[in-house]
Every structure is written in structure tokens, then in C-alpha cells.
file entry35.pdb (PDB, C-alpha atoms)
MODEL        1
ATOM      1  CA  MET A   1       6.093  -4.346 -10.894
ATOM      2  CA  VAL A   2       7.652  -1.943  -8.427
ATOM      3  CA  ILE A   3      11.335  -1.178  -8.832
ATOM      4  CA  GLU A   4      12.646  -0.040  -5.464
ATOM      5  CA  SER A   5      15.013   2.891  -5.159
ATOM      6  CA  VAL A   6      18.345   1.552  -3.925
ATOM      7  CA  THR A   7      21.331   3.706  -3.032
ATOM      8  CA  ARG A   8      23.886   0.902  -2.770
ATOM      9  CA  PRO A   9      26.071   0.178  -5.811
ATOM     10  CA  PRO A  10      24.610  -2.465  -8.117
ATOM     11  CA  TRP A  11      26.136  -5.744  -9.183
ATOM     12  CA  ARG A  12      27.161  -5.351 -12.838
ATOM     13  CA  LEU A  13      27.260  -7.841 -15.685
ATOM     14  CA  HIS A  14      28.135  -6.765 -19.231
ATOM     15  CA  LYS A  15      26.512  -8.726 -22.061
ATOM     16  CA  ARG A  16      26.216  -8.664 -25.847
ATOM     17  CA  VAL A  17      23.176 -10.004 -27.703
ATOM     18  CA  LEU A  18      24.454 -12.992 -29.691
ATOM     19  CA  PRO A  19      22.714 -14.900 -32.493
ATOM     20  CA  GLN A  20      21.773 -17.621 -29.974
ATOM     21  CA  HIS A  21      19.764 -15.029 -28.011
ATOM     22  CA  THR A  22      17.634 -13.861 -30.948
ATOM     23  CA  ASP A  23      14.664 -14.929 -33.011
ATOM     24  CA  HIS A  24      14.696 -15.067 -36.832
ATOM     25  CA  GLY A  25      14.235 -11.292 -37.012
ATOM     26  CA  GLY A  26      17.359 -10.587 -34.929
ATOM     27  CA  VAL A  27      15.338  -9.478 -31.881
ATOM     28  CA  MET A  28      16.362 -10.872 -28.501
ATOM     29  CA  TRP A  29      14.062 -13.766 -27.619
ATOM     30  CA  HIS A  30      12.089 -13.206 -24.398
ATOM     31  CA  GLY A  31      13.345 -16.415 -22.766
ATOM     32  CA  ALA A  32      17.006 -15.380 -23.126
ATOM     33  CA  TYR A  33      16.487 -12.634 -20.546
ATOM     34  CA  VAL A  34      15.840 -15.260 -17.871
ATOM     35  CA  GLY A  35      19.263 -16.825 -18.474
ATOM     36  CA  TRP A  36      20.945 -13.444 -18.101
ATOM     37  CA  LEU A  37      19.101 -12.808 -14.825
ATOM     38  CA  GLU A  38      20.346 -16.124 -13.467
ATOM     39  CA  GLU A  39      23.886 -15.439 -14.681
ATOM     40  CA  ALA A  40      23.872 -12.075 -12.886
ATOM     41  CA  ARG A  41      22.803 -13.722  -9.596
ATOM     42  CA  VAL A  42      25.297 -16.582  -9.882
ATOM     43  CA  GLU A  43      28.167 -14.192 -10.681
ATOM     44  CA  ALA A  44      27.258 -11.987  -7.703
ATOM     45  CA  LEU A  45      27.239 -15.048  -5.421
ATOM     46  CA  ALA A  46      30.691 -16.035  -6.694
ATOM     47  CA  ALA A  47      31.945 -12.476  -6.116
ATOM     48  CA  VAL A  48      31.026 -12.687  -2.414
ATOM     49  CA  GLY A  49      32.786 -16.042  -2.044
ATOM     50  CA  LEU A  50      29.897 -18.438  -2.486
ATOM     51  CA  PRO A  51      30.066 -20.164  -5.861
ATOM     52  CA  TYR A  52      26.702 -21.750  -6.628
ATOM     53  CA  ARG A  53      28.490 -25.057  -7.081
ATOM     54  CA  LEU A  54      29.420 -25.076  -3.367
ATOM     55  CA  MET A  55      25.812 -24.480  -2.377
ATOM     56  CA  ALA A  56      24.737 -27.350  -4.608
ATOM     57  CA  LEU A  57      27.349 -29.628  -2.989
ATOM     58  CA  GLU A  58      25.754 -28.805   0.393
ATOM     59  CA  GLY A  59      22.354 -29.819  -1.007
ATOM     60  CA  LEU A  60      21.142 -26.222  -1.307
ATOM     61  CA  GLU A  61      19.325 -24.689  -4.263
ATOM     62  CA  MET A  62      17.619 -21.357  -4.910
ATOM     63  CA  PRO A  63      14.575 -21.885  -7.136
ATOM     64  CA  VAL A  64      12.661 -18.932  -8.540
ATOM     65  CA  VAL A  65       9.189 -18.600  -7.021
ATOM     66  CA  ARG A  66       8.208 -15.313  -8.669
ATOM     67  CA  LEU A  67       9.365 -13.499 -11.783
ATOM     68  CA  ASP A  68       8.063 -10.156 -13.040
ATOM     69  CA  MET A  69       9.574  -8.833 -16.272
ATOM     70  CA  SER A  70       8.913  -5.621 -18.132
ATOM     71  CA  TYR A  71      10.216  -5.112 -21.662
ATOM     72  CA  LYS A  72      10.861  -1.428 -22.374
ATOM     73  CA  ARG A  73      12.777  -1.502 -25.669
ATOM     74  CA  ALA A  74      13.740  -4.371 -27.957
ATOM     75  CA  LEU A  75      17.322  -5.573 -27.921
ATOM     76  CA  LEU A  76      18.803  -6.565 -31.255
ATOM     77  CA  HIS A  77      21.596  -8.860 -32.383
ATOM     78  CA  GLY A  78      24.905  -7.164 -31.532
ATOM     79  CA  ASP A  79      23.508  -4.769 -28.909
ATOM     80  CA  GLN A  80      25.581  -4.373 -25.767
ATOM     81  CA  VAL A  81      23.982  -3.904 -22.365
ATOM     82  CA  VAL A  82      24.898  -3.838 -18.722
ATOM     83  CA  LEU A  83      22.743  -5.622 -16.168
ATOM     84  CA  LEU A  84      22.514  -3.636 -12.945
ATOM     85  CA  SER A  85      21.268  -5.878 -10.149
ATOM     86  CA  HIS A  86      20.459  -5.343  -6.490
ATOM     87  CA  ALA A  87      19.910  -8.064  -3.929
ATOM     88  CA  LEU A  88      17.191  -6.636  -1.713
ATOM     89  CA  PRO A  89      16.716  -7.512   1.953
ATOM     90  CA  PRO A  90      14.812 -10.780   2.313
ATOM     91  CA  GLU A  91      11.102 -10.880   3.087
ATOM     92  CA  GLY A  92      10.630 -13.962   5.223
ATOM     93  CA  PRO A  93      12.156 -16.876   3.305
ATOM     94  CA  ARG A  94      12.051 -14.973  -0.009
ATOM     95  CA  TRP A  95      15.183 -13.474  -1.493
ATOM     96  CA  ARG A  96      14.410 -10.568  -3.744
ATOM     97  CA  TRP A  97      16.458  -9.304  -6.702
ATOM     98  CA  GLN A  98      15.789  -6.472  -9.058
ATOM     99  CA  THR A  99      17.656  -5.979 -12.301
ATOM    100  CA  ARG A 100      17.660  -3.335 -15.022
ATOM    101  CA  LEU A 101      19.288  -3.776 -18.442
ATOM    102  CA  LEU A 102      20.775  -0.529 -19.679
ATOM    103  CA  ARG A 103      21.966   0.270 -23.173
ATOM    104  CA  PRO A 104      25.244   2.229 -23.589
ATOM    105  CA  ASP A 105      23.247   5.471 -23.853
ATOM    106  CA  GLY A 106      21.707   4.759 -20.415
ATOM    107  CA  ASP A 107      18.280   3.889 -21.857
ATOM    108  CA  CYS A 108      16.535   1.123 -19.879
ATOM    109  CA  ALA A 109      15.600  -1.790 -22.165
ATOM    110  CA  PHE A 110      14.251  -4.191 -19.533
ATOM    111  CA  GLU A 111      13.426  -4.480 -15.831
ATOM    112  CA  ALA A 112      12.848  -7.550 -13.699
ATOM    113  CA  HIS A 113      11.975  -8.429 -10.146
ATOM    114  CA  VAL A 114      12.843 -11.983  -9.090
ATOM    115  CA  GLU A 115      12.028 -13.777  -5.851
ATOM    116  CA  LEU A 116      13.803 -16.961  -4.831
ATOM    117  CA  VAL A 117      13.762 -19.241  -1.823
ATOM    118  CA  LEU A 118      16.615 -21.225  -0.358
ATOM    119  CA  VAL A 119      15.819 -24.935  -0.175
ATOM    120  CA  ARG A 120      17.631 -27.972   1.135
ATOM    121  CA  LEU A 121      17.338 -31.049  -1.053
ATOM    122  CA  ASP A 122      16.997 -34.379   0.697
ATOM    123  CA  GLY A 123      16.290 -37.053  -1.884
ATOM    124  CA  ASP A 124      12.926 -36.174  -3.423
ATOM    125  CA  ARG A 125      12.100 -33.842  -0.530
ATOM    126  CA  ARG A 126      12.660 -30.080  -0.659
ATOM    127  CA  GLN A 127      12.632 -28.093   2.558
ATOM    128  CA  VAL A 128      12.324 -24.294   2.370
ATOM    129  CA  LEU A 129      14.838 -22.771   4.776
ATOM    130  CA  ARG A 130      13.523 -19.774   6.680
ATOM    131  CA  ARG A 131      17.050 -18.996   7.853
ATOM    132  CA  PRO A 132      20.123 -19.737   5.766
ATOM    133  CA  PRO A 133      22.816 -21.957   7.270
ATOM    134  CA  PRO A 134      25.976 -20.183   8.507
ATOM    135  CA  SER A 135      27.869 -21.266   5.378
ATOM    136  CA  VAL A 136      25.469 -19.152   3.308
ATOM    137  CA  SER A 137      24.275 -16.439   5.699
ATOM    138  CA  SER A 138      27.312 -14.138   5.511
ATOM    139  CA  ALA A 139      27.441 -14.325   1.709
ATOM    140  CA  LEU A 140      23.775 -13.384   1.460
ATOM    141  CA  GLN A 141      24.341 -10.411   3.732
ATOM    142  CA  LEU A 142      27.245  -9.274   1.523
ATOM    143  CA  LEU A 143      25.008  -9.551  -1.555
ATOM    144  CA  THR A 144      22.558  -7.002  -0.172
ATOM    145  CA  GLN A 145      25.426  -4.550   0.448
ATOM    146  CA  GLY A 146      26.466  -4.621  -3.197
ATOM    147  CA  PRO A 147      30.007  -4.820  -4.552
ATOM    148  CA  THR A 148      32.786  -3.008  -2.738
TER     149      THR A 148
ENDMDL
END

call {"tool": "encode", "arguments": {"input": "entry35.pdb", "output": "C-alpha cells"}}
result
Amino acid sequence: MVIESVTRPPWRLHKRVLPQHTDHGGVMWHGAYVGWLEEARVEALAAVGLPYRLMALEGLEMPVVRLDMSYKRALLHGDQVVLLSHALPPEGPRWRWQTRLLRPDGDCAFEAHVELVLVRLDGDRRQVLRRPPPSVSSALQLLTQGPT
């Protein structure tokens, strides 16, 4: 997995490892990371004025088509982290995100690269959109600029 160097400010999400995130040994369960990655993306969308709920009402979804994760250091029950996420410029219809989870001491515990596509739902049919509709386009552009 290649983590790109990005100079724009990252989207930030502060989290604490709760009992629901851990296995019996108090170590964060690998699947819980995926939920945090989604939460970071959904919160960033809301911050640029496009709550995911509005996209869903328009029949739009953003399914994950690729997910690369790299665990650097175990997170334990009670640990606090900050997710630093960047929305990268799209590659064709793919939206790319990269996220790092940092501990308070700045140590990287986890890295991920996620690719999504924007689809329009029409009954049982899903159409991949190569260009986002105007209602979504400006928000996606703001995402790649990072928070202001």
C-alpha cells in the first residue's frame, strides 16, 4: 500500500477504543477499523454540506471497491486516537481516501487506503457514475481540498 504525501490539511476524527471495539483480550478487533474509516468519510461529507443521508435520498451510494489496511501497532481498550484522512483526487470513477490513525504521542497505529465509486440505484440496478451529478460534484471537490 502506498500512502501518498499530501500537503493539504487532513480531515480529523477523534476516537476512543471502547469495549465494543475489542476482542476478549482488550485488543481492538480488526473489523472495527472499517467502521471508523466509514465514519471519517461520512463526517467529512457532512462537513462540506453533503450529509450521506441526502445522497441516499437521491438514490446515490458510495460502495467500497478496494480496501488496503496495514496494522502498525495494536490499539487497546481505552486508547485514544485521531484519524487523519485525505480525500485524494479521483482516478476515473474511483474516489480514493487515505487514512492514518495516530496515537497521542504521534505514533502511527494503522494506515488504510480506500477506493469507492459513486453509484445510482435504480431498483435492483446499480449504475456507476463516471461524473458526479451537480448536487454532489462541488462537495467532492471540497473534500479533496481538506477542511478550512

call {"tool": "residues_around", "arguments": {"input": "entry35.pdb", "residues": "region 69-73 of chain A", "least_positions_apart": "4", "cutoff": "10 Å", "atoms": "only C-alpha atoms", "output": "NGL selection string"}}
result
:A and (1 or 30 or 33-34 or 98-101 or 103 or 107-114)

call {"tool": "residues_around", "arguments": {"input": "entry35.pdb", "residues": "Gln127 (chain A)", "least_positions_apart": "5", "cutoff": "10 Å", "atoms": "all atoms listed in the file", "output": "list of chain:residue names"}}
result
A:Leu60, A:Val117, A:Leu118, A:Val119, A:Arg120, A:Leu121, A:Asp122

call {"tool": "residues_near_point", "arguments": {"input": "entry35.pdb", "point": "(13.0, -18.0, 8.2)", "cutoff": "6 Å", "atoms": "all atoms listed in the file", "output": "ChimeraX atom specification"}}
result
/A:92-93,130-131

call {"tool": "residues_around", "arguments": {"input": "entry35.pdb", "residues": "Glu58 (chain A)", "least_positions_apart": "3", "cutoff": "12 Å", "atoms": "all atoms listed in the file", "output": "JSON, numbers by chain"}}
result
{"A": [50, 51, 52, 53, 54, 55, 61, 118, 119, 120, 121, 122, 132, 133, 134, 135, 136]}

call {"tool": "closest_residue", "arguments": {"input": "entry35.pdb", "among": "A:Glu115, A:Asp23, A:Asp124, A:Glu4", "to": "Val65 (chain A)", "atoms": "only C-alpha atoms"}}
result
A:Glu115

call {"tool": "resolve_selection", "arguments": {"input": "entry35.pdb", "expression": "the PyMOL selection byres ((chain A and resi 48) around 8)", "output": "ChimeraX atom specification"}}
result
/A:44-47,49-50,139,142-143

call {"tool": "atom_distance", "arguments": {"input": "entry35.pdb", "atom1": "CA of Met28 (chain A)", "atom2": "CA of Ala87 (chain A)"}}
result
25.0 Å

call {"tool": "closest_residue", "arguments": {"input": "entry35.pdb", "among": "A:Val17, A:Ala56, A:Leu75, A:Leu116", "to": "Arg41 (chain A)", "atoms": "all atoms listed in the file"}}
result
A:Leu116

call {"tool": "residues_around", "arguments": {"input": "entry35.pdb", "residues": "His86 (chain A)", "least_positions_apart": "5", "cutoff": "8 Å", "atoms": "all atoms listed in the file", "output": "ChimeraX atom specification"}}
result
/A:6,9-11,97-99,143-144,146

call {"tool": "resolve_selection", "arguments": {"input": "entry35.pdb", "expression": "the PyMOL selection byres ((chain A and resi 21) around 12)", "output": "PDB file with C-alpha atoms, keeping the file's coordinate frame"}}
result
ATOM      1  CA  LYS A  15      26.512  -8.726 -22.061  1.00  0.00           C
ATOM      2  CA  ARG A  16      26.216  -8.664 -25.847  1.00  0.00           C
ATOM      3  CA  VAL A  17      23.176 -10.004 -27.703  1.00  0.00           C
ATOM      4  CA  LEU A  18      24.454 -12.992 -29.691  1.00  0.00           C
ATOM      5  CA  PRO A  19      22.714 -14.900 -32.493  1.00  0.00           C
ATOM      6  CA  GLN A  20      21.773 -17.621 -29.974  1.00  0.00           C
ATOM      7  CA  THR A  22      17.634 -13.861 -30.948  1.00  0.00           C
ATOM      8  CA  ASP A  23      14.664 -14.929 -33.011  1.00  0.00           C
ATOM      9  CA  HIS A  24      14.696 -15.067 -36.832  1.00  0.00           C
ATOM     10  CA  GLY A  25      14.235 -11.292 -37.012  1.00  0.00           C
ATOM     11  CA  GLY A  26      17.359 -10.587 -34.929  1.00  0.00           C
ATOM     12  CA  VAL A  27      15.338  -9.478 -31.881  1.00  0.00           C
ATOM     13  CA  MET A  28      16.362 -10.872 -28.501  1.00  0.00           C
ATOM     14  CA  TRP A  29      14.062 -13.766 -27.619  1.00  0.00           C
ATOM     15  CA  HIS A  30      12.089 -13.206 -24.398  1.00  0.00           C
ATOM     16  CA  GLY A  31      13.345 -16.415 -22.766  1.00  0.00           C
ATOM     17  CA  ALA A  32      17.006 -15.380 -23.126  1.00  0.00           C
ATOM     18  CA  TYR A  33      16.487 -12.634 -20.546  1.00  0.00           C
ATOM     19  CA  VAL A  34      15.840 -15.260 -17.871  1.00  0.00           C
ATOM     20  CA  GLY A  35      19.263 -16.825 -18.474  1.00  0.00           C
ATOM     21  CA  TRP A  36      20.945 -13.444 -18.101  1.00  0.00           C
ATOM     22  CA  LEU A  75      17.322  -5.573 -27.921  1.00  0.00           C
ATOM     23  CA  LEU A  76      18.803  -6.565 -31.255  1.00  0.00           C
ATOM     24  CA  HIS A  77      21.596  -8.860 -32.383  1.00  0.00           C
ATOM     25  CA  GLY A  78      24.905  -7.164 -31.532  1.00  0.00           C
ATOM     26  CA  ASP A  79      23.508  -4.769 -28.909  1.00  0.00           C
TER      27      ASP A  79
END

call {"tool": "atom_distance", "arguments": {"input": "entry35.pdb", "atom1": "CA of Arg8 (chain A)", "atom2": "CA of Glu91 (chain A)"}}
result
18.3 Å

call {"tool": "closest_residue", "arguments": {"input": "entry35.pdb", "among": "A:Leu13, A:Leu37, A:Val128, A:Leu102", "to": "Asp68 (chain A)", "atoms": "all atoms listed in the file"}}
result
A:Leu37

call {"tool": "closest_residue", "arguments": {"input": "entry35.pdb", "among": "A:His14, A:Thr148, A:Arg94, A:Glu38", "to": "Arg66 (chain A)", "atoms": "only C-alpha atoms"}}
result
A:Arg94

call {"tool": "atom_distance", "arguments": {"input": "entry35.pdb", "atom1": "CA of Ser85 (chain A)", "atom2": "CA of Pro63 (chain A)"}}
result
17.6 Å

call {"tool": "closest_residue", "arguments": {"input": "entry35.pdb", "among": "A:Ser5, A:Leu83, A:Arg96, A:Met62", "to": "Glu39 (chain A)", "atoms": "only C-alpha atoms"}}
result
A:Leu83

call {"tool": "build_atoms", "arguments": {"input": "entry35.pdb", "residues": "region 14-33 of chain A", "atoms": "N, CA, C and O atoms", "output": "PDB file, keeping the file's coordinate frame"}}
result
ATOM      1  N   HIS A  14      28.173  -7.278 -17.857  1.00  0.00           N
ATOM      2  CA  HIS A  14      28.135  -6.765 -19.231  1.00  0.00           C
ATOM      3  C   HIS A  14      27.843  -7.920 -20.185  1.00  0.00           C
ATOM      4  O   HIS A  14      28.449  -8.994 -20.081  1.00  0.00           O
ATOM      5  N   LYS A  15      26.914  -7.691 -21.109  1.00  0.00           N
ATOM      6  CA  LYS A  15      26.512  -8.726 -22.061  1.00  0.00           C
ATOM      7  C   LYS A  15      26.368  -8.128 -23.462  1.00  0.00           C
ATOM      8  O   LYS A  15      26.158  -6.931 -23.625  1.00  0.00           O
ATOM      9  N   ARG A  16      26.475  -9.009 -24.453  1.00  0.00           N
ATOM     10  CA  ARG A  16      26.216  -8.664 -25.847  1.00  0.00           C
ATOM     11  C   ARG A  16      25.175  -9.646 -26.368  1.00  0.00           C
ATOM     12  O   ARG A  16      25.244 -10.844 -26.089  1.00  0.00           O
ATOM     13  N   VAL A  17      24.204  -9.145 -27.108  1.00  0.00           N
ATOM     14  CA  VAL A  17      23.176 -10.004 -27.703  1.00  0.00           C
ATOM     15  C   VAL A  17      23.829 -10.784 -28.842  1.00  0.00           C
ATOM     16  O   VAL A  17      24.321 -10.205 -29.809  1.00  0.00           O
ATOM     17  N   LEU A  18      23.859 -12.096 -28.699  1.00  0.00           N
ATOM     18  CA  LEU A  18      24.454 -12.992 -29.691  1.00  0.00           C
ATOM     19  C   LEU A  18      23.356 -13.638 -30.537  1.00  0.00           C
ATOM     20  O   LEU A  18      22.182 -13.630 -30.153  1.00  0.00           O
ATOM     21  N   PRO A  19      23.734 -14.236 -31.671  1.00  0.00           N
ATOM     22  CA  PRO A  19      22.714 -14.900 -32.493  1.00  0.00           C
ATOM     23  C   PRO A  19      21.880 -15.912 -31.697  1.00  0.00           C
ATOM     24  O   PRO A  19      20.672 -16.023 -31.916  1.00  0.00           O
ATOM     25  N   GLN A  20      22.501 -16.618 -30.764  1.00  0.00           N
ATOM     26  CA  GLN A  20      21.773 -17.621 -29.974  1.00  0.00           C
ATOM     27  C   GLN A  20      20.692 -17.010 -29.088  1.00  0.00           C
ATOM     28  O   GLN A  20      19.794 -17.710 -28.633  1.00  0.00           O
ATOM     29  N   HIS A  21      20.749 -15.707 -28.843  1.00  0.00           N
ATOM     30  CA  HIS A  21      19.764 -15.029 -28.011  1.00  0.00           C
ATOM     31  C   HIS A  21      18.571 -14.490 -28.808  1.00  0.00           C
ATOM     32  O   HIS A  21      17.629 -13.976 -28.210  1.00  0.00           O
ATOM     33  N   THR A  22      18.625 -14.564 -30.134  1.00  0.00           N
ATOM     34  CA  THR A  22      17.634 -13.861 -30.948  1.00  0.00           C
ATOM     35  C   THR A  22      16.692 -14.802 -31.698  1.00  0.00           C
ATOM     36  O   THR A  22      16.984 -15.982 -31.895  1.00  0.00           O
ATOM     37  N   ASP A  23      15.585 -14.210 -32.139  1.00  0.00           N
ATOM     38  CA  ASP A  23      14.664 -14.929 -33.011  1.00  0.00           C
ATOM     39  C   ASP A  23      15.120 -14.732 -34.459  1.00  0.00           C
ATOM     40  O   ASP A  23      16.171 -14.158 -34.715  1.00  0.00           O
ATOM     41  N   HIS A  24      14.315 -15.167 -35.419  1.00  0.00           N
ATOM     42  CA  HIS A  24      14.696 -15.067 -36.832  1.00  0.00           C
ATOM     43  C   HIS A  24      14.806 -13.629 -37.326  1.00  0.00           C
ATOM     44  O   HIS A  24      15.463 -13.353 -38.311  1.00  0.00           O
ATOM     45  N   GLY A  25      14.183 -12.695 -36.620  1.00  0.00           N
ATOM     46  CA  GLY A  25      14.235 -11.292 -37.012  1.00  0.00           C
ATOM     47  C   GLY A  25      15.389 -10.534 -36.367  1.00  0.00           C
ATOM     48  O   GLY A  25      15.513  -9.332 -36.549  1.00  0.00           O
ATOM     49  N   GLY A  26      16.230 -11.240 -35.577  1.00  0.00           N
ATOM     50  CA  GLY A  26      17.359 -10.587 -34.929  1.00  0.00           C
ATOM     51  C   GLY A  26      17.004  -9.865 -33.644  1.00  0.00           C
ATOM     52  O   GLY A  26      17.816  -9.127 -33.088  1.00  0.00           O
ATOM     53  N   VAL A  27      15.778 -10.089 -33.135  1.00  0.00           N
ATOM     54  CA  VAL A  27      15.338  -9.478 -31.881  1.00  0.00           C
ATOM     55  C   VAL A  27      15.585 -10.475 -30.750  1.00  0.00           C
ATOM     56  O   VAL A  27      15.313 -11.667 -30.891  1.00  0.00           O
ATOM     57  N   MET A  28      16.089  -9.974 -29.628  1.00  0.00           N
ATOM     58  CA  MET A  28      16.362 -10.872 -28.501  1.00  0.00           C
ATOM     59  C   MET A  28      15.085 -11.581 -28.077  1.00  0.00           C
ATOM     60  O   MET A  28      14.058 -10.955 -27.822  1.00  0.00           O
ATOM     61  N   TRP A  29      15.170 -12.900 -27.994  1.00  0.00           N
ATOM     62  CA  TRP A  29      14.062 -13.766 -27.619  1.00  0.00           C
ATOM     63  C   TRP A  29      13.756 -13.572 -26.137  1.00  0.00           C
ATOM     64  O   TRP A  29      14.679 -13.494 -25.308  1.00  0.00           O
ATOM     65  N   HIS A  30      12.487 -13.512 -25.772  1.00  0.00           N
ATOM     66  CA  HIS A  30      12.089 -13.206 -24.398  1.00  0.00           C
ATOM     67  C   HIS A  30      12.679 -14.173 -23.370  1.00  0.00           C
ATOM     68  O   HIS A  30      13.021 -13.776 -22.269  1.00  0.00           O
ATOM     69  N   GLY A  31      12.810 -15.433 -23.713  1.00  0.00           N
ATOM     70  CA  GLY A  31      13.345 -16.415 -22.766  1.00  0.00           C
ATOM     71  C   GLY A  31      14.823 -16.230 -22.458  1.00  0.00           C
ATOM     72  O   GLY A  31      15.297 -16.652 -21.396  1.00  0.00           O
ATOM     73  N   ALA A  32      15.578 -15.585 -23.349  1.00  0.00           N
ATOM     74  CA  ALA A  32      17.006 -15.380 -23.126  1.00  0.00           C
ATOM     75  C   ALA A  32      17.270 -14.445 -21.953  1.00  0.00           C
ATOM     76  O   ALA A  32      18.305 -14.531 -21.297  1.00  0.00           O
ATOM     77  N   TYR A  33      16.320 -13.556 -21.672  1.00  0.00           N
ATOM     78  CA  TYR A  33      16.487 -12.634 -20.546  1.00  0.00           C
ATOM     79  C   TYR A  33      16.605 -13.402 -19.230  1.00  0.00           C
ATOM     80  O   TYR A  33      17.346 -13.012 -18.336  1.00  0.00           O
TER      81      TYR A  33
END
